[in-house]
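Heads up, query-v6.cif below (mmCIF, C-alpha atoms and all ligand atoms):
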```
data_data
#
loop_
_atom_site.group_PDB
_atom_site.id
_atom_site.type_symbol
_atom_site.label_atom_id
_atom_site.label_comp_id
_atom_site.auth_asym_id
_atom_site.auth_seq_id
_atom_site.Cartn_x
_atom_site.Cartn_y
_atom_site.Cartn_z
ATOM 1 C CA MET A 1 107.510 56.086 125.356
ATOM 2 C CA ASP A 2 108.015 58.293 122.317
ATOM 3 C CA GLN A 3 106.937 61.868 122.557
ATOM 4 C CA LEU A 4 104.683 63.234 119.885
ATOM 5 C CA GLN A 5 106.805 65.151 117.391
ATOM 6 C CA VAL A 6 105.346 68.330 115.966
ATOM 7 C CA ASN A 7 106.311 68.809 112.357
ATOM 8 C CA LYS A 8 107.453 72.343 111.760
ATOM 9 C CA PRO A 9 107.057 73.464 108.169
ATOM 10 C CA VAL A 10 110.351 73.666 106.300
ATOM 11 C CA LYS A 11 108.974 76.141 103.784
ATOM 12 C CA THR A 12 106.992 79.306 104.195
ATOM 13 C CA PHE A 13 104.488 79.963 101.459
ATOM 14 C CA PHE A 14 103.633 83.526 100.496
ATOM 15 C CA VAL A 15 100.844 85.078 98.514
ATOM 16 C CA THR A 16 100.483 88.537 97.026
ATOM 17 C CA SER A 17 97.475 90.650 97.854
ATOM 18 C CA GLU A 18 96.185 93.762 96.154
ATOM 19 C CA GLU A 19 93.762 96.309 97.564
ATOM 20 C CA PRO A 20 92.599 99.782 96.592
ATOM 21 C CA CYS A 21 94.925 102.374 98.093
ATOM 22 C CA PRO A 22 93.165 103.928 101.122
ATOM 23 C CA ALA A 23 95.163 107.161 100.823
ATOM 24 C CA CYS A 24 93.755 108.028 97.371
ATOM 25 C CA SER A 25 90.670 105.756 97.379
ATOM 26 C CA GLY A 26 92.155 103.866 94.450
ATOM 27 C CA THR A 27 92.331 106.860 92.115
ATOM 28 C CA GLY A 28 96.138 106.976 92.070
ATOM 29 C CA TYR A 29 96.087 110.730 92.568
ATOM 30 C CA ALA A 30 96.156 112.970 95.596
ATOM 31 C CA ALA A 31 94.634 116.423 95.554
ATOM 32 C CA ASN A 32 97.019 119.306 96.174
ATOM 33 C CA PRO A 33 95.840 120.828 99.519
ATOM 34 C CA LEU A 34 96.583 124.323 98.213
ATOM 35 C CA TRP A 35 94.223 123.823 95.291
ATOM 36 C CA MET A 36 91.592 122.417 97.646
ATOM 37 C CA ALA A 37 91.823 125.644 99.687
ATOM 38 C CA TYR A 38 91.609 127.686 96.478
ATOM 39 C CA TRP A 39 88.432 125.938 95.305
ATOM 40 C CA GLN A 40 86.899 126.202 98.768
ATOM 41 C CA ASP A 41 87.445 129.973 98.769
ATOM 42 C CA TYR A 42 86.302 130.303 95.157
ATOM 43 C CA ASP A 43 83.142 128.279 95.705
ATOM 44 C CA SER A 44 82.269 130.125 98.912
ATOM 45 C CA MET A 45 82.239 133.478 97.114
ATOM 46 C CA PRO A 46 78.673 134.828 96.991
ATOM 47 C CA PRO A 47 77.142 134.693 93.496
ATOM 48 C CA PRO A 48 76.682 138.497 93.324
ATOM 49 C CA ILE A 49 80.465 138.828 93.367
ATOM 50 C CA LYS A 50 81.271 135.983 90.976
ATOM 51 C CA ASP A 51 78.453 136.830 88.590
ATOM 52 C CA ALA A 52 79.127 140.561 88.503
ATOM 53 C CA PRO A 53 79.952 141.752 84.961
ATOM 54 C CA ASP A 54 83.192 143.353 86.112
ATOM 55 C CA PHE A 55 84.402 140.315 88.052
ATOM 56 C CA ASP A 56 87.786 139.272 86.679
ATOM 57 C CA ASP A 57 88.256 135.600 87.435
ATOM 58 C CA GLU A 58 91.947 135.579 86.515
ATOM 59 C CA GLN A 59 92.680 138.667 88.607
ATOM 60 C CA TRP A 60 90.839 137.236 91.630
ATOM 61 C CA SER A 61 92.730 133.950 91.261
ATOM 62 C CA ASN A 62 96.120 135.625 91.003
ATOM 63 C CA GLU A 63 95.360 137.798 94.037
ATOM 64 C CA TRP A 64 94.416 134.658 95.916
ATOM 65 C CA ALA A 65 97.752 133.097 94.896
ATOM 66 C CA ARG A 66 99.705 136.167 96.081
ATOM 67 C CA LYS A 67 97.880 136.095 99.447
ATOM 68 C CA HIS A 68 99.157 132.546 99.859
ATOM 69 C CA GLY A 69 102.761 133.371 98.960
ATOM 70 C CA TYR A 70 102.770 132.623 95.218
ATOM 71 C CA ARG A 71 103.449 135.061 92.394
ATOM 72 C CA ASP A 72 100.433 133.834 90.403
ATOM 73 C CA MET A 73 98.248 130.782 89.851
ATOM 74 C CA ASP A 74 100.802 129.181 87.512
ATOM 75 C CA LYS A 75 103.140 128.748 90.498
ATOM 76 C CA LEU A 76 100.684 126.681 92.551
ATOM 77 C CA GLY A 77 101.683 123.432 90.857
ATOM 78 C CA PRO A 78 99.331 120.755 89.533
ATOM 79 C CA GLU A 79 95.908 120.286 91.099
ATOM 80 C CA GLU A 80 96.558 116.590 91.543
ATOM 81 C CA GLU A 81 99.769 114.648 91.962
ATOM 82 C CA PRO A 82 100.487 110.927 91.869
ATOM 83 C CA CYS A 83 99.722 109.418 95.269
ATOM 84 C CA ASP A 84 102.882 108.828 97.328
ATOM 85 C CA ASP A 85 101.493 105.711 99.010
ATOM 86 C CA CYS A 86 100.795 103.757 95.796
ATOM 87 C CA ASN A 87 103.055 105.613 93.332
ATOM 88 C CA GLY A 88 100.030 106.610 91.295
ATOM 89 C CA THR A 89 98.787 103.077 90.651
ATOM 90 C CA GLY A 90 95.771 103.262 92.985
ATOM 91 C CA ILE A 91 96.602 99.761 94.224
ATOM 92 C CA LEU A 92 98.578 98.648 97.253
ATOM 93 C CA THR A 93 100.385 95.361 96.758
ATOM 94 C CA SER A 94 101.735 93.380 99.678
ATOM 95 C CA LYS A 95 103.328 89.991 100.273
ATOM 96 C CA LEU A 96 102.017 88.003 103.201
ATOM 97 C CA PRO A 97 102.368 84.452 104.513
ATOM 98 C CA LEU A 98 99.804 82.044 103.114
ATOM 99 C CA SER A 99 98.681 81.166 106.649
ATOM 100 C CA GLU A 100 97.850 84.838 107.280
ATOM 101 C CA ALA A 101 95.946 85.024 103.998
ATOM 102 C CA LEU A 102 93.938 81.943 104.939
ATOM 103 C CA VAL A 103 93.017 83.493 108.283
ATOM 104 C CA THR A 104 91.965 86.666 106.453
ATOM 105 C CA LEU A 105 89.806 84.556 104.137
ATOM 106 C CA GLY A 106 88.138 82.879 107.107
ATOM 107 C CA TYR A 107 90.021 79.563 107.216
ATOM 108 C CA TYR A 108 91.117 78.230 110.578
ATOM 109 C CA ILE A 109 94.804 78.157 111.536
ATOM 110 C CA PRO A 110 95.640 76.153 114.706
ATOM 111 C CA LYS A 111 97.114 78.261 117.471
ATOM 112 C CA ASP A 112 99.890 75.714 118.124
ATOM 113 C CA ASP A 113 101.401 76.748 114.783
ATOM 114 C CA ASN A 114 101.483 73.143 113.559
ATOM 115 C CA LEU A 115 100.915 73.616 109.863
ATOM 116 C CA ALA A 116 101.405 69.979 108.836
ATOM 117 C CA TRP A 117 97.723 69.754 107.946
ATOM 118 C CA LEU A 118 98.152 72.763 105.661
ATOM 119 C CA ASN A 119 101.133 71.296 103.862
ATOM 120 C CA GLN A 120 99.177 68.068 103.416
ATOM 121 C CA ALA A 121 96.218 69.949 102.006
ATOM 122 C CA LEU A 122 98.458 71.878 99.632
ATOM 123 C CA ASN A 123 100.252 68.746 98.453
ATOM 124 C CA GLU A 124 97.257 66.433 98.095
ATOM 125 C CA GLY A 125 94.287 68.576 97.319
ATOM 126 C CA ASP A 126 93.500 71.485 95.091
ATOM 127 C CA GLY A 127 95.698 73.761 97.173
ATOM 128 C CA VAL A 128 92.919 74.940 99.446
ATOM 129 C CA TYR A 129 92.093 73.472 102.833
ATOM 130 C CA ARG A 130 88.427 73.662 103.779
ATOM 131 C CA PRO A 131 87.848 72.771 107.420
HETATM 132 ZN ZN ZN B 1 97.234 105.893 96.461
#
```
Any chance you could put this one into structure tokens?
Amino acid sequence: MDQLQVNKPVKTFFVTSEEPCPACSGTGYAANPLWMAYWQDYDSMPPPIKDAPDFDDEQWSNEWARKHGYRDMDKLGPEEEPCDDCNGTGILTSKLPLSEALVTLGYYIPKDDNLAWLNQALNEGDGVYRP
């Protein structure tokens, strides 16, 4: 008696996915933590100090920079820099097996890894198997 042969796929199909970068929320930029600390300190200053006629914004800012180890505010660097995770694009692109994409999209993949049905669907239908 012949044993049932399981057809293993000879090709692996891949798809490309894109998603907003979680590190920068899709903006492509990451805030400089030093500038975030600066704005937190600046914004937490009581209005009587900030609004005083003799308050020198530039002097206060440069003193803040010196307290944090910088000669002046010009040495702090940019407030935002391109995100390292997405290289400033705001989008993460990844390549994944088609079978994994189909599972992500809610299509069933048999646990025995027999993907013959999938190959048949791809070759005969519109490229999408709908269980
Ligand atoms: Zn990013």
Item to check | Expected answer as JSON, numbers by chain: residues within 10 Å of ligand ZN 1 (chain B), all atoms listed in the file | outcome: {"A": [20, 21, 22, 23, 24, 25, 26, 27, 28, 29, 30, 82, 83, 84, 85, 86, 87, 88, 89, 90, 91, 92]}
Checklist entry - Interatomic distance between CA of Lys67 in chain A and CA of Trp39 in chain A? => result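 These atoms are spaced 14.5 Å apart.
With all atoms listed in the file as the atoms that count, the minimum distance from Glu80 in chain A to the choices A:Val15, A:Pro48, A:Trp35, A:Leu102 is reached by A:Trp35.
Candidate residues A:Asp41, A:Glu58, A:Asp72, A:Lys95 were compared for distance to Phe14 in chain A, and the nearest is A:Lys95, using all atoms listed in the file.
One finds CA of Lys11 in chain A at 19.1 Å from CA of Ser94 in chain A.
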Checklist entry - Rounded to one decimal in Å, what is the spacing between CA of Leu96 in chain A and CA of Phe13 in chain A? => result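 Here the two named atoms are 8.6 Å from each other.
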Long-range neighbours of Ser61 in chain A as an mmCIF file with C-alpha atoms, in the frame of the given file, 7 Å cut-off, all atoms listed in the file, 4 positions minimum in chain:
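So the final result, stored in selection.cif, reads:
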```
data_model
loop_
_atom_site.group_PDB
_atom_site.id
_atom_site.type_symbol
_atom_site.label_atom_id
_atom_site.label_comp_id
_atom_site.auth_asym_id
_atom_site.auth_seq_id
_atom_site.Cartn_x
_atom_site.Cartn_y
_atom_site.Cartn_z
ATOM 1 C CA ASP A 57 88.256 135.600 87.435
ATOM 2 C CA ALA A 65 97.752 133.097 94.896
ATOM 3 C CA MET A 73 98.248 130.782 89.851
#
```
Next on the checklist: With the PyMOL selection byres (((chain A and resi 33) around 12) and not hetatm) as the selection, what would be picked from this file? Answer as an NGL selection string, please.
Outcome noted: :A and (30-32 or 34-40 or 76-81)
Using all atoms of range 32-45 of chain A that appear in the file, construct an axis-aligned enclosing box with 6 Å of padding on every side and provide its centre coordinates and edge lengths in Å, rounded to one decimal, as AutoDock Vina command-line options.
```
--center_x 89.6 --center_y 126.4 --center_z 97.4 --size_x 26.8 --size_y 26.2 --size_z 16.5
```
